[in-house]
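Novice: My questions all concern the structure below.
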Amino acid sequence: MTQGKIGRNDPCPCGSGKKFKHCCLRREVPEADVLDLMIGAVSLAIDWLYARHRYAIGAALQQGFFASLDDSEIHRLSGLDTHADMELQELMRDWLVAEGVLQVKGRDVRSTALVLGFGGPSLQPREREWLNALMASPLGLYEVVEPRVEKGVLLVRDLLVPGASAIRVADSVPDVLFERWELLVVRLVPFEGAYRFGAPPLTFARLDAPLLRSLAEEDRSRFSAELIAFYLEVLLVELDNEDFEDDEDLEDEDGPPLVADLYQVTDWPKLTAALAEDPGVDGDLEVGWFRYIADSEGEIITSVSMSFEGSLLRIFTDRATADETEVWLGRIVGSSISRLTPIPSDAVDASAEPQPKLELAEIQADCEAYFRVWIDAPLERLNGRSPRAARADSTARTRLLDLVKEAENDEQHSARDVDRDPVDLGFLWRELGLDPAAD
């Protein structure tokens with residue numbers, strides 16, 4: 001005798017005593033099916049809302065989502081590149097379904113209440129469950145603790161809850177590779193026995209962690225609105241920077257093009273001391289250095305930007321100054337520094353020997369040398385104290401942790417960009433007496 005089809009409300013055949021829909025049915029649903037359901041439910045809700053309340057949605061977006069911007073700033077966002085525009089559209093869709101309030105017949109109504117209420121679109125029970133769960137989940141701030149615990153699972157920690165434990169998340173954006181300590185702004189939605197991302201997360205620089213936390217501390221109820229306002233401001237700043245770079249390109253069409261060079265440093269204390277003593281150099285180890293080059297009348301004609309990047313020194317300057325910069329660095333620090341990247345290929349002798357690729361052990365040694373200077377350098381973000389001095393101050397511990405996590409996250413990105421293994425910064429955690437697992 002064959003067993004008939006098990007209904008959703010039938011007792012589960014495993015003997016747990018639960019209904020089938022609350023037990024083994026969930027285990028039978030492939031993860032891809034769950035992702036399709038999540039995307040499909042939101043798309044169905046959005047399409048239904050636009051078909052019936054298009055003008056109310058326009059007003060809600062302008063008065064709610066874009067409330068921090070004026071009309072000219074909203075218009076400027078039409079200049080975003082394809083990737084940034086898609087990211088913005090995803091956030092708008094997420095906000096509209098989870099938080100949007102529409103004015104319908106003189107009343108303010110939650111958009112999801114319209115979708116789930118009488119006369120709404122035809123939805124499957126699981127689609128309704130997902131939309132209800134999404135609506136109940138606030139926008140939050142999380143850090144990635146482990147990018148890949150196992151296939152399709154990562155660990156995140158809520159940065160708005162002191163001492164929060166790591167949370168397992170079924171990764172609903174499988175094509176996106178997160179790095180450890182990445183900052184994510186996203187809704188974490190409990191659904192069918194697992195936490196899931198409500199929409200593709202927004203990623204922010206680790207540098208922004210203190211500011212983003214402060215937004216929540218001021219007024220938790222307005223955290224979502226403040227986060228969105230901050231994100232929109234970031235987009236506008238990026239557009240301003242692109243406009244500036246375009247203007248610079250136009251001005252410099254007949255002038256020297258900019259180049260980026262990488263230098264290997266074997267004696268960071270010597271380099272930082274030499275730069276600090278040079279009257280033509282501003283900056284420090286924390287923010288990088290700027291060297292200004294003047295003509296015979298004292299007018300600045302060009303500049304050199306220097307910053308630490310993934311255990312190396314990255315230098316931006318114009319092509320005409322690149323070789324002079326190499327000579328200048330050799331003069332002030334001798335053989336403690338060597339240029340790894342030549343200027344662009346169209347200006348390089350084709351017969352020249354290629355630069356040897358650094359071994360990971362060499363990069364590790366350079367990185368450790370840099371951070372052994374950094375650990376005792378006074379930093380503005382630690383109120384003028386060094387990381388070593390700040391570790392004993394409980395009030396500075398969070399800022400110190402942010403700095404170490406930022407360094408590790410930057411190194412992971414740098415390594416991925418040049419297709420190499422990342423440097424192990426475990427020595428930095430140990431030197432400061434910090435534990436990445438506990439902190």
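In the structure tokens, the first chain shown is A, the next is B, and so on; residue numbers restart at 1 for each chain, and ligands run from 1 in the order shown.
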I'd like the contact shell of segment 186-189 of chain A - 7 Å cut-off, only C-alpha atoms, skipping same-chain residues fewer than 4 positions apart - returned as a ChimeraX atom specification.
Specialist: /A:133-134,137-141,195-199,201-202
Novice: Using the chain letters and numbers from this document, which residues of segment 157-292 of chain A does DSSP assign to helix (DSSP H, G or I), as a ChimeraX atom specification?
Specialist: /A:206-218,220-251,268-277
Novice: For atom CA of Leu239 of chain A and atom CA of Thr203 of chain A, determine how far apart the two atoms are, in Å to one decimal place.
Specialist: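 Going from atom CA of Leu239 of chain A over to atom CA of Thr203 of chain A, I get 17.6 Å.
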Novice: Please identify all polymer residues within 9 Å of Glu408 of chain A, counting only C-alpha atoms, omitting same-chain residues fewer than 5 positions from it, and present them as a count of residues only.
Specialist: 8
Novice: Show me, as a VMD selection string, the residues that have an atom within 12 Å of segment 270-275 of chain A when counting only C-alpha atoms, minus same-chain residues fewer than 4 positions from it.
Specialist: chain A and resid 263 to 266 279 to 286 288 to 291 306 to 308 313 328 to 338 369 to 374 377
Novice: Store the residues of this selection in a file with N, CA, C and O atoms, as a short mmCIF file (atom, residue, chain, number, x, y, z; two decimals), in the first residue's frame.
Specialist:
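And here is the file that came out, result.cif:
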data_model
loop_
_atom_site.label_atom_id
_atom_site.label_comp_id
_atom_site.auth_asym_id
_atom_site.auth_seq_id
_atom_site.Cartn_x
_atom_site.Cartn_y
_atom_site.Cartn_z
N TYR A 263 54.78 50.99 -3.63
CA TYR A 263 56.14 50.87 -3.12
C TYR A 263 56.17 49.85 -1.98
O TYR A 263 55.28 49.84 -1.13
N GLN A 264 57.21 49.04 -1.98
CA GLN A 264 57.44 48.14 -0.86
C GLN A 264 58.31 48.87 0.17
O GLN A 264 59.35 49.45 -0.19
N VAL A 265 57.88 48.83 1.43
CA VAL A 265 58.61 49.52 2.50
C VAL A 265 59.15 48.47 3.48
O VAL A 265 58.39 47.65 3.99
N THR A 266 60.43 48.52 3.73
CA THR A 266 61.04 47.55 4.66
C THR A 266 61.35 48.17 6.02
O THR A 266 61.71 47.46 6.95
N PRO A 279 59.49 69.49 5.82
CA PRO A 279 58.56 70.63 5.91
C PRO A 279 57.58 70.70 4.74
O PRO A 279 56.55 71.38 4.85
N GLY A 280 57.85 69.99 3.66
CA GLY A 280 56.95 70.03 2.51
C GLY A 280 55.90 68.95 2.53
O GLY A 280 55.15 68.79 1.56
N VAL A 281 55.83 68.20 3.63
CA VAL A 281 54.88 67.08 3.73
C VAL A 281 53.92 67.31 4.88
O VAL A 281 54.33 67.65 6.00
N ASP A 282 52.64 67.13 4.61
CA ASP A 282 51.60 67.18 5.65
C ASP A 282 51.00 65.79 5.82
O ASP A 282 51.02 64.97 4.92
N GLY A 283 50.41 65.54 7.01
CA GLY A 283 49.72 64.28 7.25
C GLY A 283 50.44 63.39 8.24
O GLY A 283 51.44 63.78 8.85
N ASP A 284 49.91 62.19 8.39
CA ASP A 284 50.52 61.24 9.33
C ASP A 284 50.13 59.83 8.92
O ASP A 284 49.50 59.61 7.88
N LEU A 285 50.52 58.89 9.76
CA LEU A 285 50.29 57.48 9.47
C LEU A 285 48.81 57.14 9.38
O LEU A 285 48.40 56.25 8.64
N GLU A 286 47.97 57.87 10.12
CA GLU A 286 46.54 57.56 10.17
C GLU A 286 45.81 57.99 8.91
O GLU A 286 45.02 57.23 8.34
N GLY A 288 47.36 59.38 6.04
CA GLY A 288 48.19 59.43 4.84
C GLY A 288 48.95 60.74 4.78
O GLY A 288 48.81 61.62 5.64
N TRP A 289 49.78 60.89 3.76
CA TRP A 289 50.63 62.08 3.63
C TRP A 289 50.39 62.78 2.29
O TRP A 289 50.04 62.15 1.30
N PHE A 290 50.61 64.10 2.30
CA PHE A 290 50.54 64.89 1.07
C PHE A 290 51.82 65.71 0.96
O PHE A 290 52.20 66.42 1.89
N ARG A 291 52.46 65.60 -0.18
CA ARG A 291 53.66 66.38 -0.46
C ARG A 291 53.32 67.41 -1.53
O ARG A 291 52.80 67.05 -2.61
N MET A 306 50.16 60.05 -0.59
CA MET A 306 50.75 58.79 -0.14
C MET A 306 49.89 58.17 0.95
O MET A 306 49.50 58.86 1.89
N SER A 307 49.61 56.87 0.82
CA SER A 307 48.78 56.21 1.83
C SER A 307 49.16 54.74 1.92
O SER A 307 49.64 54.13 0.97
N PHE A 308 48.91 54.16 3.12
CA PHE A 308 49.16 52.74 3.36
C PHE A 308 48.04 51.93 2.73
O PHE A 308 46.87 52.26 2.88
N LEU A 313 52.88 51.00 0.27
CA LEU A 313 52.65 52.44 0.19
C LEU A 313 52.16 52.76 -1.21
O LEU A 313 52.83 52.46 -2.19
N TRP A 328 63.23 61.19 -4.83
CA TRP A 328 63.09 61.90 -3.55
C TRP A 328 62.96 60.92 -2.38
O TRP A 328 63.62 61.08 -1.35
N LEU A 329 62.13 59.88 -2.56
CA LEU A 329 61.98 58.89 -1.50
C LEU A 329 63.30 58.16 -1.24
O LEU A 329 63.66 57.89 -0.09
N GLY A 330 64.02 57.83 -2.30
CA GLY A 330 65.31 57.18 -2.13
C GLY A 330 66.29 58.06 -1.37
O GLY A 330 67.11 57.57 -0.58
N ARG A 331 66.18 59.37 -1.58
CA ARG A 331 67.08 60.31 -0.91
C ARG A 331 66.79 60.41 0.58
O ARG A 331 67.71 60.51 1.41
N ILE A 332 65.50 60.33 0.98
CA ILE A 332 65.18 60.55 2.40
C ILE A 332 65.17 59.25 3.21
O ILE A 332 65.33 59.29 4.43
N VAL A 333 64.96 58.09 2.54
CA VAL A 333 64.94 56.84 3.31
C VAL A 333 65.86 55.76 2.73
O VAL A 333 65.89 54.63 3.23
N GLY A 334 66.57 56.08 1.67
CA GLY A 334 67.55 55.12 1.13
C GLY A 334 66.91 53.85 0.59
O GLY A 334 65.84 53.87 -0.03
N SER A 335 67.53 52.73 0.88
CA SER A 335 67.09 51.43 0.34
C SER A 335 65.92 50.84 1.11
O SER A 335 65.51 49.70 0.85
N SER A 336 65.34 51.59 2.06
CA SER A 336 64.21 51.09 2.84
C SER A 336 62.91 51.08 2.05
O SER A 336 61.88 50.64 2.54
N ILE A 337 62.95 51.59 0.82
CA ILE A 337 61.74 51.65 0.00
C ILE A 337 62.11 51.34 -1.44
O ILE A 337 63.19 51.69 -1.91
N SER A 338 61.22 50.63 -2.14
CA SER A 338 61.49 50.31 -3.54
C SER A 338 60.18 50.32 -4.31
O SER A 338 59.14 49.86 -3.84
N ALA A 369 55.57 45.17 9.94
CA ALA A 369 56.45 46.31 10.22
C ALA A 369 55.64 47.60 10.30
O ALA A 369 55.87 48.44 11.19
N TYR A 370 54.70 47.76 9.38
CA TYR A 370 53.85 48.96 9.40
C TYR A 370 53.05 49.04 10.68
O TYR A 370 53.01 50.09 11.35
N PHE A 371 52.38 47.95 11.06
CA PHE A 371 51.50 48.00 12.22
C PHE A 371 52.26 48.06 13.54
O PHE A 371 51.69 48.50 14.54
N ARG A 372 53.50 47.68 13.56
CA ARG A 372 54.28 47.83 14.79
C ARG A 372 54.62 49.31 15.02
O ARG A 372 54.86 49.72 16.16
N VAL A 373 54.61 50.09 13.96
CA VAL A 373 54.71 51.55 14.11
C VAL A 373 53.34 52.11 14.47
O VAL A 373 53.20 52.93 15.38
N TRP A 374 52.31 51.68 13.75
CA TRP A 374 50.95 52.17 13.94
C TRP A 374 50.47 51.96 15.36
O TRP A 374 49.77 52.82 15.93
N ALA A 377 51.49 54.81 17.51
CA ALA A 377 51.33 56.16 16.96
C ALA A 377 50.06 56.81 17.50
O ALA A 377 49.01 56.16 17.57
#
Novice: Listing only residues of segment 214-303 of chain A within 12 Å of segment 70-82 of chain A, what is the closest atom pair and its distance in Å (to one decimal) for each, using only C-alpha atoms, sorted by chain and residue number ascending, as JSON lines?
Specialist:
{"residue": "A:Ala229", "atom": "CA", "partner": "A:Asp70", "partner_atom": "CA", "distance": 11.8}
{"residue": "A:Tyr231", "atom": "CA", "partner": "A:Leu77", "partner_atom": "CA", "distance": 11.9}
{"residue": "A:Leu232", "atom": "CA", "partner": "A:Leu77", "partner_atom": "CA", "distance": 8.7}
{"residue": "A:Glu233", "atom": "CA", "partner": "A:Glu73", "partner_atom": "CA", "distance": 9.4}
{"residue": "A:Val234", "atom": "CA", "partner": "A:Leu77", "partner_atom": "CA", "distance": 11.1}
{"residue": "A:Leu235", "atom": "CA", "partner": "A:Leu77", "partner_atom": "CA", "distance": 7.6}
{"residue": "A:Leu236", "atom": "CA", "partner": "A:Leu77", "partner_atom": "CA", "distance": 7.1}
{"residue": "A:Val237", "atom": "CA", "partner": "A:Leu77", "partner_atom": "CA", "distance": 10.6}
{"residue": "A:Glu238", "atom": "CA", "partner": "A:Leu80", "partner_atom": "CA", "distance": 9.0}
{"residue": "A:Leu239", "atom": "CA", "partner": "A:Leu80", "partner_atom": "CA", "distance": 7.1}
{"residue": "A:Asp240", "atom": "CA", "partner": "A:Arg76", "partner_atom": "CA", "distance": 9.8}
{"residue": "A:Asn241", "atom": "CA", "partner": "A:Leu80", "partner_atom": "CA", "distance": 11.9}
{"residue": "A:Glu242", "atom": "CA", "partner": "A:Leu80", "partner_atom": "CA", "distance": 9.9}
{"residue": "A:Asp243", "atom": "CA", "partner": "A:Gly79", "partner_atom": "CA", "distance": 10.2}
